[in-house]
Structure formats: structure tokens, C-alpha cells
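Source file: work-v9.tsv. Holds: TSV, C-alpha atoms.
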```
chain	number	residue	atom	x	y	z
A	1	MET	CA	1.59	-89.68	-92.11
A	2	THR	CA	0.93	-89.91	-88.38
A	3	GLN	CA	3.54	-88.14	-86.26
A	4	GLN	CA	4.07	-87.34	-82.62
A	5	ILE	CA	3.72	-83.68	-81.74
A	6	THR	CA	4.31	-82.09	-78.35
A	7	VAL	CA	2.14	-79.09	-77.58
A	8	PHE	CA	3.30	-76.85	-74.75
A	9	GLY	CA	0.22	-75.09	-73.40
A	10	TYR	CA	-3.49	-75.87	-73.49
A	11	GLY	CA	-5.10	-72.48	-73.31
A	12	ALA	CA	-7.19	-70.55	-75.81
A	13	VAL	CA	-4.77	-71.35	-78.65
A	14	GLY	CA	-3.22	-74.65	-77.58
A	15	LYS	CA	-6.57	-76.34	-77.11
A	16	PRO	CA	-7.87	-75.90	-80.71
A	17	ILE	CA	-4.45	-76.83	-82.09
A	18	VAL	CA	-4.60	-80.09	-80.15
A	19	ALA	CA	-8.17	-80.70	-81.34
A	20	GLN	CA	-7.19	-80.30	-85.00
A	21	LEU	CA	-4.16	-82.55	-84.69
A	22	VAL	CA	-6.07	-85.29	-82.85
A	23	ALA	CA	-8.93	-85.13	-85.36
A	24	ARG	CA	-6.58	-85.92	-88.21
A	25	GLY	CA	-4.87	-88.79	-86.41
A	26	ASP	CA	-1.62	-87.36	-85.05
A	27	HIS	CA	-0.33	-88.57	-81.71
A	28	VAL	CA	-0.37	-85.51	-79.47
A	29	ARG	CA	1.40	-85.04	-76.17
A	30	VAL	CA	0.14	-82.08	-74.15
A	31	ALA	CA	2.84	-80.71	-71.87
A	32	THR	CA	1.47	-78.60	-69.01
A	33	ARG	CA	2.07	-78.48	-65.27
A	34	HIS	CA	-1.25	-80.18	-64.55
A	35	ARG	CA	-3.52	-82.31	-66.71
A	36	PRO	CA	-6.35	-80.10	-68.07
A	37	ALA	CA	-9.72	-81.22	-66.77
A	38	ASP	CA	-11.21	-81.22	-70.27
A	39	LEU	CA	-8.36	-83.04	-72.01
A	40	ALA	CA	-9.65	-86.12	-73.82
A	41	VAL	CA	-8.63	-89.36	-72.16
A	42	GLU	CA	-6.97	-90.60	-75.34
A	43	VAL	CA	-4.60	-87.60	-75.45
A	44	GLU	CA	-1.27	-88.14	-73.73
A	45	HIS	CA	-0.42	-85.70	-70.97
A	46	MET	CA	3.03	-85.11	-69.55
A	47	PRO	CA	3.52	-82.94	-66.46
A	48	CYS	CA	5.87	-80.18	-67.56
A	49	ASP	CA	6.98	-76.78	-66.39
A	50	VAL	CA	8.50	-74.88	-69.32
A	51	LEU	CA	10.74	-73.11	-66.82
A	52	ASP	CA	12.44	-76.45	-66.07
A	53	ALA	CA	14.88	-77.48	-68.80
A	54	ASP	CA	14.76	-81.18	-67.86
A	55	ASN	CA	10.95	-81.19	-67.96
A	56	VAL	CA	11.02	-79.65	-71.42
A	57	ARG	CA	13.58	-82.11	-72.72
A	58	ASP	CA	11.53	-85.05	-71.41
A	59	ALA	CA	8.38	-83.68	-73.06
A	60	LEU	CA	10.18	-83.53	-76.41
A	61	GLU	CA	11.57	-87.05	-76.39
A	62	GLY	CA	10.17	-89.07	-79.27
A	63	ALA	CA	8.42	-86.10	-80.89
A	64	ALA	CA	8.94	-85.01	-84.47
A	65	GLN	CA	7.61	-81.50	-83.92
A	66	ALA	CA	6.46	-79.19	-81.17
A	67	VAL	CA	4.20	-76.18	-80.71
A	68	LEU	CA	4.94	-73.54	-78.09
A	69	ALA	CA	1.56	-72.04	-77.20
A	70	VAL	CA	2.04	-71.06	-73.59
A	71	GLY	CA	0.75	-67.92	-71.96
A	72	PHE	CA	1.88	-66.15	-68.82
A	73	ALA	CA	0.05	-63.68	-66.59
A	74	TYR	CA	-0.08	-60.28	-68.28
A	75	ASP	CA	2.58	-58.64	-66.15
A	76	ALA	CA	5.97	-57.35	-67.36
A	77	ARG	CA	7.50	-58.10	-63.96
A	78	LEU	CA	6.81	-61.80	-64.59
A	79	TRP	CA	7.54	-61.76	-68.33
A	80	ARG	CA	11.02	-60.35	-67.67
A	81	THR	CA	12.04	-63.69	-66.15
A	82	VAL	CA	9.76	-66.35	-67.56
A	83	TRP	CA	9.69	-65.60	-71.27
A	84	PRO	CA	13.46	-65.67	-71.94
A	85	LEU	CA	13.85	-68.76	-69.75
A	86	ALA	CA	10.95	-70.62	-71.38
A	87	MET	CA	12.21	-69.85	-74.88
A	88	THR	CA	15.76	-70.87	-74.01
A	89	ASN	CA	14.56	-74.16	-72.53
A	90	VAL	CA	12.35	-75.01	-75.52
A	91	VAL	CA	14.92	-73.99	-78.14
A	92	GLU	CA	17.71	-75.93	-76.45
A	93	GLY	CA	15.42	-78.93	-75.96
A	94	CYS	CA	14.43	-78.91	-79.62
A	95	ALA	CA	18.05	-78.54	-80.70
A	96	ALA	CA	19.07	-81.52	-78.58
A	97	THR	CA	16.25	-83.76	-79.84
A	98	GLY	CA	16.05	-82.61	-83.47
A	99	VAL	CA	12.45	-81.45	-83.06
A	100	ARG	CA	10.99	-78.71	-85.28
A	101	LEU	CA	9.21	-75.90	-83.43
A	102	VAL	CA	6.21	-73.73	-84.28
A	103	PHE	CA	6.08	-70.78	-81.91
A	104	ILE	CA	2.79	-68.91	-81.37
A	105	ASP	CA	4.28	-65.44	-81.09
A	106	ASN	CA	3.25	-61.83	-80.52
A	107	LEU	CA	3.77	-58.55	-82.41
A	108	TYR	CA	4.55	-56.20	-79.53
A	109	GLN	CA	8.27	-56.46	-80.26
A	110	LEU	CA	7.85	-54.35	-83.41
A	111	GLY	CA	7.01	-51.30	-81.29
A	112	PRO	CA	5.14	-48.23	-82.57
A	113	GLN	CA	4.42	-48.27	-86.32
A	114	THR	CA	2.38	-46.15	-88.68
A	115	ALA	CA	2.35	-48.70	-91.52
A	116	PRO	CA	0.92	-52.22	-91.54
A	117	ARG	CA	3.21	-54.54	-89.61
A	118	THR	CA	5.35	-56.80	-91.80
A	119	GLU	CA	7.76	-59.61	-90.97
A	120	ASP	CA	10.85	-57.63	-91.96
A	121	MET	CA	10.35	-54.70	-89.59
A	122	PRO	CA	13.17	-54.25	-87.04
A	123	LEU	CA	12.67	-55.11	-83.39
A	124	GLY	CA	11.54	-52.16	-81.30
A	125	THR	CA	12.90	-50.63	-78.10
A	126	VAL	CA	9.74	-49.01	-76.66
A	127	GLY	CA	7.81	-50.54	-73.75
A	128	GLU	CA	8.68	-53.15	-71.14
A	129	LYS	CA	6.87	-56.11	-72.71
A	130	PRO	CA	7.98	-55.28	-76.27
A	131	VAL	CA	11.62	-55.20	-75.18
A	132	ILE	CA	11.22	-58.55	-73.44
A	133	LEU	CA	9.67	-60.14	-76.53
A	134	ALA	CA	12.42	-58.66	-78.70
A	135	GLU	CA	14.90	-60.54	-76.52
A	136	VAL	CA	12.84	-63.72	-76.90
A	137	THR	CA	12.95	-63.29	-80.68
A	138	ARG	CA	16.73	-62.93	-80.63
A	139	ILE	CA	17.01	-66.16	-78.61
A	140	TRP	CA	15.38	-68.36	-81.24
A	141	GLN	CA	16.87	-66.47	-84.15
A	142	ALA	CA	20.37	-66.94	-82.74
A	143	ALA	CA	19.77	-70.71	-82.71
A	144	ARG	CA	18.63	-71.02	-86.34
A	145	ASP	CA	21.73	-72.99	-87.28
A	146	ARG	CA	20.83	-75.61	-84.67
A	147	VAL	CA	17.03	-75.78	-84.60
A	148	ARG	CA	14.22	-75.19	-87.08
A	149	VAL	CA	11.77	-72.59	-85.72
A	150	ALA	CA	8.78	-70.96	-87.41
A	151	ALA	CA	7.24	-68.05	-85.49
A	152	LEU	CA	3.56	-67.31	-86.12
A	153	ARG	CA	3.08	-63.74	-84.94
A	154	CYS	CA	-0.48	-63.03	-83.84
A	155	THR	CA	-2.29	-59.86	-82.88
A	156	ASP	CA	-5.00	-59.78	-80.17
A	157	PHE	CA	-7.12	-62.94	-80.14
A	158	TYR	CA	-10.86	-63.41	-80.22
A	159	GLY	CA	-13.04	-66.47	-80.54
A	160	PRO	CA	-14.60	-69.35	-78.57
A	161	GLY	CA	-12.78	-69.96	-75.32
A	162	VAL	CA	-10.92	-66.64	-75.41
A	163	THR	CA	-11.75	-64.95	-72.12
A	164	VAL	CA	-8.69	-62.75	-71.46
A	165	SER	CA	-8.77	-60.44	-74.45
A	166	HIS	CA	-10.01	-56.99	-75.42
A	167	LEU	CA	-12.85	-58.89	-77.12
A	168	GLY	CA	-13.06	-61.53	-74.41
A	169	ALA	CA	-15.26	-62.13	-71.40
A	170	LEU	CA	-15.67	-58.45	-70.49
A	171	ALA	CA	-16.54	-57.44	-74.04
A	172	ILE	CA	-18.22	-60.04	-76.26
A	173	GLY	CA	-18.89	-62.14	-73.16
A	174	GLU	CA	-20.90	-59.32	-71.56
A	175	VAL	CA	-22.72	-58.57	-74.81
A	176	ALA	CA	-23.75	-62.23	-74.95
A	177	LYS	CA	-25.41	-61.72	-71.54
A	178	GLY	CA	-27.23	-58.61	-72.71
A	179	LYS	CA	-24.93	-56.35	-70.68
A	180	PRO	CA	-22.71	-53.42	-71.73
A	181	ALA	CA	-19.35	-54.33	-73.20
A	182	GLN	CA	-16.39	-53.16	-71.12
A	183	LEU	CA	-13.28	-51.89	-72.88
A	184	LEU	CA	-9.94	-50.66	-71.56
A	185	VAL	CA	-9.03	-49.45	-75.04
A	186	PRO	CA	-10.54	-46.97	-77.53
A	187	ALA	CA	-13.67	-48.36	-79.12
A	188	ASP	CA	-13.20	-46.50	-82.38
A	189	THR	CA	-9.56	-47.18	-83.24
A	190	PRO	CA	-9.21	-49.61	-86.18
A	191	HIS	CA	-7.48	-52.72	-84.89
A	192	ASP	CA	-6.80	-56.20	-86.26
A	193	PHE	CA	-7.95	-59.27	-84.33
A	194	ALA	CA	-6.97	-62.88	-85.02
A	195	TYR	CA	-9.66	-65.56	-84.81
A	196	VAL	CA	-8.40	-68.41	-82.62
A	197	PRO	CA	-9.63	-71.27	-84.85
A	198	ASP	CA	-7.73	-69.57	-87.68
A	199	ILE	CA	-4.57	-69.45	-85.56
A	200	ALA	CA	-4.89	-73.19	-84.93
A	201	ARG	CA	-5.40	-73.83	-88.64
A	202	ALA	CA	-2.35	-71.73	-89.52
A	203	ALA	CA	-0.21	-73.49	-86.91
A	204	VAL	CA	-1.11	-76.88	-88.39
A	205	MET	CA	-0.22	-75.59	-91.86
A	206	LEU	CA	3.22	-74.66	-90.55
A	207	LEU	CA	3.62	-78.09	-88.97
A	208	ASP	CA	2.95	-79.53	-92.42
A	209	ALA	CA	5.28	-77.09	-94.18
A	210	GLN	CA	8.70	-77.76	-95.69
A	211	ASP	CA	11.92	-77.09	-93.80
A	212	GLU	CA	12.58	-74.02	-95.95
A	213	ASP	CA	9.50	-72.40	-94.38
A	214	PHE	CA	11.21	-72.52	-90.99
A	215	GLY	CA	13.85	-70.19	-89.63
A	216	GLN	CA	11.58	-67.23	-90.27
A	217	VAL	CA	8.60	-65.18	-89.08
A	218	TRP	CA	5.06	-65.44	-90.43
A	219	ASN	CA	2.37	-62.87	-89.60
A	220	MET	CA	-1.05	-64.33	-88.82
A	221	PRO	CA	-3.59	-63.19	-91.44
A	222	CYS	CA	-6.71	-61.46	-90.12
A	223	ALA	CA	-10.05	-60.46	-91.58
A	224	PRO	CA	-10.18	-56.86	-92.90
A	225	THR	CA	-9.53	-54.33	-90.15
A	226	ARG	CA	-12.47	-53.12	-88.05
A	227	THR	CA	-12.91	-51.12	-84.87
A	228	PRO	CA	-13.84	-52.81	-81.58
A	229	ARG	CA	-17.13	-50.91	-81.66
A	230	ALA	CA	-17.99	-52.33	-85.08
A	231	LEU	CA	-17.23	-55.87	-83.95
A	232	LEU	CA	-19.16	-55.49	-80.72
A	233	ALA	CA	-22.12	-54.08	-82.63
A	234	MET	CA	-21.97	-57.19	-84.78
A	235	ALA	CA	-21.98	-59.27	-81.58
A	236	ALA	CA	-25.00	-57.42	-80.18
A	237	ALA	CA	-26.87	-57.89	-83.44
A	238	VAL	CA	-26.70	-61.67	-83.08
A	239	ASP	CA	-29.57	-61.48	-80.60
A	240	GLY	CA	-31.08	-58.29	-81.95
A	241	ARG	CA	-29.69	-56.15	-79.16
A	242	LYS	CA	-28.48	-52.56	-79.24
A	243	LEU	CA	-24.83	-52.18	-78.33
A	244	ARG	CA	-23.85	-50.49	-75.08
A	245	VAL	CA	-20.17	-49.86	-74.34
A	246	TRP	CA	-18.39	-48.74	-71.19
A	247	GLY	CA	-14.93	-47.57	-72.18
A	248	VAL	CA	-11.83	-46.05	-70.61
A	249	PRO	CA	-10.08	-43.24	-72.54
A	250	LEU	CA	-6.50	-44.09	-73.43
A	251	ALA	CA	-5.22	-41.05	-71.53
A	252	LEU	CA	-6.61	-42.48	-68.28
A	253	LEU	CA	-4.84	-45.82	-68.50
A	254	ARG	CA	-1.61	-44.73	-66.81
A	255	PRO	CA	-3.35	-42.98	-63.89
A	256	LEU	CA	-5.67	-45.98	-63.55
A	257	GLY	CA	-2.61	-48.21	-63.63
A	258	LEU	CA	-1.52	-46.80	-60.28
A	259	VAL	CA	-4.31	-48.82	-58.65
A	260	TYR	CA	-5.14	-51.40	-61.33
A	261	ARG	CA	-2.15	-53.36	-62.62
A	262	PHE	CA	-3.80	-54.60	-65.82
A	263	ALA	CA	-4.41	-51.00	-66.93
A	264	LYS	CA	-0.72	-50.27	-66.44
A	265	GLU	CA	0.17	-53.24	-68.59
A	266	VAL	CA	-2.17	-52.11	-71.36
A	267	ALA	CA	-0.68	-48.61	-71.19
A	268	ASP	CA	2.77	-50.16	-71.65
A	269	VAL	CA	1.69	-51.10	-75.19
A	270	GLY	CA	-0.48	-48.04	-75.72
A	271	PHE	CA	1.09	-47.64	-79.17
A	272	THR	CA	-1.12	-50.53	-80.29
A	273	TRP	CA	-4.20	-48.41	-79.59
A	274	ASP	CA	-3.27	-44.77	-80.15
A	275	ARG	CA	-3.39	-45.28	-83.93
A	276	PRO	CA	-4.76	-47.88	-86.38
A	277	TYR	CA	-3.16	-51.26	-85.75
A	278	VAL	CA	-2.91	-53.27	-88.95
A	279	VAL	CA	-1.05	-56.54	-89.53
A	280	ASP	CA	0.08	-57.50	-93.03
A	281	GLY	CA	-0.49	-61.26	-93.28
A	282	GLY	CA	0.06	-61.34	-97.03
A	283	LYS	CA	3.21	-63.44	-96.85
A	284	PHE	CA	1.34	-66.31	-95.19
A	285	VAL	CA	-1.65	-65.95	-97.52
A	286	ARG	CA	0.56	-66.12	-100.62
A	287	ARG	CA	2.57	-69.09	-99.41
A	288	PHE	CA	-0.24	-71.23	-98.00
A	289	GLY	CA	-3.37	-69.98	-99.77
A	290	PHE	CA	-4.86	-69.05	-96.41
A	291	ALA	CA	-8.25	-67.33	-96.15
A	292	PRO	CA	-9.07	-65.74	-92.75
A	293	THR	CA	-12.53	-66.35	-91.34
A	294	PRO	CA	-14.75	-63.29	-91.91
A	295	TYR	CA	-15.91	-61.49	-88.78
A	296	GLU	CA	-19.46	-62.08	-89.98
A	297	ILE	CA	-18.86	-65.75	-89.21
A	298	GLY	CA	-16.40	-65.60	-86.31
A	299	VAL	CA	-18.20	-63.04	-84.15
A	300	PRO	CA	-21.56	-64.88	-84.03
A	301	VAL	CA	-19.77	-68.17	-83.26
A	302	THR	CA	-17.97	-66.43	-80.40
A	303	VAL	CA	-21.19	-64.91	-79.03
A	304	ARG	CA	-22.92	-68.28	-79.03
A	305	ALA	CA	-19.94	-69.91	-77.31
A	306	PHE	CA	-20.07	-67.34	-74.51
A	307	ALA	CA	-23.85	-67.71	-74.24
A	308	ALA	CA	-23.41	-71.47	-73.89
A	309	GLY	CA	-20.69	-71.05	-71.25
A	310	LEU	CA	-18.01	-72.56	-73.47
```
What would you get if you wrote out this structure as C-alpha cells?
Amino acid sequence: MTQQITVFGYGAVGKPIVAQLVARGDHVRVATRHRPADLAVEVEHMPCDVLDADNVRDALEGAAQAVLAVGFAYDARLWRTVWPLAMTNVVEGCAATGVRLVFIDNLYQLGPQTAPRTEDMPLGTVGEKPVILAEVTRIWQAARDRVRVAALRCTDFYGPGVTVSHLGALAIGEVAKGKPAQLLVPADTPHDFAYVPDIARAAVMLLDAQDEDFGQVWNMPCAPTRTPRALLAMAAAVDGRKLRVWGVPLALLRPLGLVYRFAKEVADVGFTWDRPYVVDGGKFVRRFGFAPTPYEIGVPVTVRAFAAGL
């Protein structure tokens, strides 16, 4: 049945979610501050700043469901203000309009772990950004008696259109140009990555789910864990190239952060790279029969997208 869905955000994740919903005939309203240049003319756009409660409420009017897929600059100084405010505005707007919400979430808030991350782990207290996202989690969880929210927690992204990522423009993007991959993280630490088309597919599954599947967290399933070096070697092999990697040792991130803010922000969540980082997506797999895209498929698609300038 056709429904109206408001999607907040049109970045690396919001865009493929919109594409899947439009392809199947849903009426989609994209709510961003400015109309994206590549948004199809038949897709409704509503100017919206998620930091403005009235804007958010207007964007939700008439919708049955919503997806929160916004991203903010990778800076804890900004996150400290914008994330709690954005979540409060969206949760209160959904509560007032009766709209169900799928939230594209993160996993930082679980803090350092030595076991695969599961949905029932307690919220952590280590790191600036993790503490901020723990607060954001408490905001929507405290409203569960008033609004139906399903949080899809995702690890680092990769895929077509994903430029700001450890496997983004400076990594797979450079490999696609025949240049050395650049990494700010250890190349040989096993780490899970979520394929963006899979995230979109999982988000649509949640939109189609029953009410009892809301009010809870779902971890995004990933292909079996690999190291960045293994994935980048796979990327180089697409065009028969030998992999070259320029990396920064983890111990140098904090000193580098004194002059390069992004390095400081990565060091803030250094616990995601000083040990294997594995996400247990079994709950989602069992409930929805989800099969993650193998890296052997996703990595070549990503390389070709970068090579084509997409």
C-alpha cells in the first residue's frame, strides 16, 4: 500500500533509501535545508532544518512514517548541541503527529568492548562523541510510551556515494584512481563495515515491519569481518593493481589532532580501532531473513562508482 514517508537527510544513506521507496511507489518527502541538486523532480522537497522544531513538525504533517538519516560535521563540539536538539525535535514531532520513526543510528555509544557488539549492551561513558550519542539514545528511549522508534545501529559505511569514511574518497576513491590509499586508522585491525545499499534495504524492511518491532535497537548486519587492508586489496584487484597504503599509526592520532581536527575526532573513538571491531547483526538477520552483500560484490561496485565520479 502506498504511504507517505518523510526522509530527513539526503546524504550517503538518505539518498538510496529515497531511491528504494520511490521505486516501489511510495510518496516520499525529502526534508533538508536546501533542495538537493540531484533530487528527482517528482520527489517532494520541503525546506527543513532539523534544529527547528516547527520545521520538523511541518515536514511530518501527513506522513505515516519517517526516517532520520541526517549527518553532522564530524566534530564533538558541534555534536554536543545539534544531536540532542535534532533528536528531541524529531521525537516530539513524531509523537505529536503519530508518525513512526526509523532512526539510522551509530554504535559509538556502546564504548570500548572486547566482544561483538549486541543490542543489549549498556551505554558507555568513554569519549566525547559516545557520551553525546548515549544521551541521544536516552532521548528516544524515554519517549517510547509516546512514539514508535526503531533504531538501526550502523558501523562505518562504505559503498557508492560514500566519500567521508575510512573506506571513502581517500581510501577506495584513491585506489580507483591508481593512487595509494590513505588511512587514519590501522590497516590490519579487523573491523566491520556496513554497505550503504544494505543499510537502505534494512531501513525499508523496518518501515514495513510490525509495531512490535519498534521501541528497540537493531544492529545492522555486515559481511564477515575483514581488515581495511584486505578490503583495499580487493579494491585494487578490480583493475589488476597492486595495493599501496599510506597509514597513520594509532598512537600518532592524538598528537596529529593538535593541528588536524579530524585526527582528534578519530582518536576520540580510538577504541573502535585499537582492537577488532565486530558487530553482531544476528537479531536483524533472524527476524527479517536479511543477507548482507558480500564484500566481493560491494567493493567492486564501490570502486567503479568512484571511477565514474558517482
Study note, to complete from the structure: Atom pair atom CA of A:Gly215 + atom CA of A:Trp140, distance 8.7 Å
Closest atom pairs, stretch 160-250 of chain A residues within 10 Å of stretch 18-25 of chain A, only C-alpha atoms, as JSON lines:
```
{"residue": "A:Pro197", "atom": "CA", "partner": "A:Gln20", "partner_atom": "CA", "distance": 9.4}
{"residue": "A:Ala200", "atom": "CA", "partner": "A:Gln20", "partner_atom": "CA", "distance": 7.5}
{"residue": "A:Arg201", "atom": "CA", "partner": "A:Gln20", "partner_atom": "CA", "distance": 7.6}
{"residue": "A:Ala203", "atom": "CA", "partner": "A:Gln20", "partner_atom": "CA", "distance": 9.9}
{"residue": "A:Val204", "atom": "CA", "partner": "A:Leu21", "partner_atom": "CA", "distance": 7.4}
{"residue": "A:Leu207", "atom": "CA", "partner": "A:Leu21", "partner_atom": "CA", "distance": 9.9}
```
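Compared by their closest atoms to A:Cys48, and using all atoms listed in the file, the residues A:Pro294, A:Gly9, A:Gly247, A:Pro300 rank with A:Gly9 nearest.
Atom CA of A:Pro160 is found 13.3 Å from atom CA of A:Thr293.
Compared by their closest atoms to A:Met220, and using all atoms listed in the file, the residues A:Thr81, A:Thr155, A:Thr163, A:Thr272 rank with A:Thr155 nearest.
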Review point. Any idea what the distance is between atom CA of A:Ala263 and atom CA of A:His166?
Key: 11.8 Å
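Distances to A:Val102 were evaluated for A:Val41, A:Leu85, A:Val70, A:Val259 using only C-alpha atoms, and the minimum falls at A:Val70.
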Give me, as a PDB file with C-alpha atoms, keeping the file's coordinate frame, all polymer residues having an atom no more than 7 Å from A:Pro116, counting only C-alpha atoms and skipping those fewer than 5 positions away in the same chain.
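Listed below is the output, around_35.pdb:
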```
ATOM      1  CA  VAL A 278      -2.910 -53.270 -88.950  1.00  0.00           C
ATOM      2  CA  VAL A 279      -1.050 -56.540 -89.530  1.00  0.00           C
ATOM      3  CA  ASP A 280       0.080 -57.500 -93.030  1.00  0.00           C
TER       4      ASP A 280
END
```
Practice item. Check the smallest atom-to-atom distance from each of A:Phe72, A:Tyr277, A:Phe8, A:Trp218 to A:Met205 using all atoms listed in the file, then report the winner. Key: A:Trp218
Check your understanding: stretch 124-136 of chain A: which residues within 6 Å, counting all atoms listed in the file, same-chain residues fewer than 3 positions away excluded, as a VMD selection string?
Key -> chain A and resid 76 84 108 to 111 139 268
Include C-alpha atoms and write out the residues we just selected as a PDB file, keeping the file's coordinate frame.
```pdb
ATOM      1  CA  ALA A  76       5.970 -57.350 -67.360  1.00  0.00           C
ATOM      2  CA  PRO A  84      13.460 -65.670 -71.940  1.00  0.00           C
ATOM      3  CA  TYR A 108       4.550 -56.200 -79.530  1.00  0.00           C
ATOM      4  CA  GLN A 109       8.270 -56.460 -80.260  1.00  0.00           C
ATOM      5  CA  LEU A 110       7.850 -54.350 -83.410  1.00  0.00           C
ATOM      6  CA  GLY A 111       7.010 -51.300 -81.290  1.00  0.00           C
ATOM      7  CA  ILE A 139      17.010 -66.160 -78.610  1.00  0.00           C
ATOM      8  CA  ASP A 268       2.770 -50.160 -71.650  1.00  0.00           C
TER       9      ASP A 268
END
```
Could you work out an axis-aligned bounding box for all listed atoms of stretch 1-13 of chain A, with 3 Å added on each of the six sides, and give its centre and edge lengths in Å to one decimal, as AutoDock Vina command-line options?
```
--center_x -1.4 --center_y -80.2 --center_z -82.7 --size_x 17.5 --size_y 25.4 --size_z 24.8
```
Practice item. Compile the contact shell of A:Tyr158 as a PyMOL selection string: residues with an atom at most 7 Å away, counting all atoms listed in the file, same-chain residues fewer than 4 positions apart removed. Key: chain A and resi 162+165+167-168+193-196
Store the residues picked out above, limited to C-alpha atoms, as a CSV table (one decimal), in the frame of the given file.
```
chain,number,residue,atom,x,y,z
A,162,VAL,CA,-10.9,-66.6,-75.4
A,165,SER,CA,-8.8,-60.4,-74.4
A,167,LEU,CA,-12.8,-58.9,-77.1
A,168,GLY,CA,-13.1,-61.5,-74.4
A,193,PHE,CA,-8.0,-59.3,-84.3
A,194,ALA,CA,-7.0,-62.9,-85.0
A,195,TYR,CA,-9.7,-65.6,-84.8
A,196,VAL,CA,-8.4,-68.4,-82.6
```
Is it possible to produce a file of stretch 211-228 of chain A from this structure, with N, CA, C and O atoms, as a short mmCIF file (atom, residue, chain, number, x, y, z; two decimals), in the first residue's frame?
```cif
data_model
loop_
_atom_site.label_atom_id
_atom_site.label_comp_id
_atom_site.auth_asym_id
_atom_site.auth_seq_id
_atom_site.Cartn_x
_atom_site.Cartn_y
_atom_site.Cartn_z
N ASP A 211 4.43 -3.05 14.42
CA ASP A 211 4.68 -2.14 15.54
C ASP A 211 5.53 -2.77 16.64
O ASP A 211 6.31 -2.08 17.31
N GLU A 212 5.39 -4.09 16.84
CA GLU A 212 6.16 -4.74 17.90
C GLU A 212 7.66 -4.75 17.61
O GLU A 212 8.47 -5.02 18.51
N ASP A 213 8.05 -4.45 16.38
CA ASP A 213 9.47 -4.37 16.04
C ASP A 213 10.06 -2.99 16.35
O ASP A 213 11.26 -2.77 16.18
N PHE A 214 9.20 -2.09 16.80
CA PHE A 214 9.65 -0.74 17.16
C PHE A 214 9.85 -0.66 18.68
O PHE A 214 9.60 -1.62 19.40
N GLY A 215 10.40 0.47 19.12
CA GLY A 215 10.71 0.62 20.53
C GLY A 215 11.96 -0.13 20.93
O GLY A 215 12.18 -0.42 22.11
N GLN A 216 12.81 -0.44 19.95
CA GLN A 216 14.00 -1.22 20.24
C GLN A 216 15.12 -0.91 19.24
O GLN A 216 14.92 -0.22 18.25
N VAL A 217 16.30 -1.47 19.55
CA VAL A 217 17.50 -1.29 18.73
C VAL A 217 17.71 -2.51 17.86
O VAL A 217 17.46 -3.65 18.28
N TRP A 218 18.19 -2.26 16.63
CA TRP A 218 18.56 -3.33 15.71
C TRP A 218 19.97 -3.02 15.19
O TRP A 218 20.21 -1.93 14.68
N ASN A 219 20.88 -3.96 15.32
CA ASN A 219 22.22 -3.79 14.75
C ASN A 219 22.20 -4.13 13.27
O ASN A 219 21.64 -5.15 12.86
N MET A 220 22.85 -3.29 12.47
CA MET A 220 22.94 -3.51 11.04
C MET A 220 23.87 -4.69 10.74
O MET A 220 25.05 -4.68 11.12
N PRO A 221 23.38 -5.73 10.06
CA PRO A 221 24.25 -6.85 9.70
C PRO A 221 25.31 -6.44 8.68
O PRO A 221 25.05 -5.62 7.79
N CYS A 222 26.49 -7.02 8.81
CA CYS A 222 27.60 -6.75 7.90
C CYS A 222 28.13 -8.07 7.34
O CYS A 222 27.90 -9.14 7.90
N ALA A 223 28.85 -7.98 6.24
CA ALA A 223 29.55 -9.14 5.72
C ALA A 223 30.62 -9.56 6.74
O ALA A 223 31.00 -8.77 7.61
N PRO A 224 31.11 -10.81 6.67
CA PRO A 224 32.12 -11.27 7.63
C PRO A 224 33.30 -10.31 7.75
O PRO A 224 33.79 -9.76 6.77
N THR A 225 33.75 -10.12 8.98
CA THR A 225 34.75 -9.12 9.32
C THR A 225 36.05 -9.28 8.54
O THR A 225 36.58 -10.38 8.41
N ARG A 226 36.55 -8.16 8.02
CA ARG A 226 37.84 -8.11 7.32
C ARG A 226 38.65 -6.94 7.87
O ARG A 226 38.13 -6.09 8.60
N THR A 227 39.89 -6.86 7.46
CA THR A 227 40.70 -5.69 7.78
C THR A 227 40.58 -4.67 6.65
O THR A 227 40.27 -5.04 5.51
N PRO A 228 40.83 -3.39 6.93
CA PRO A 228 40.85 -2.41 5.84
C PRO A 228 41.83 -2.80 4.73
O PRO A 228 41.54 -2.62 3.55
#
```
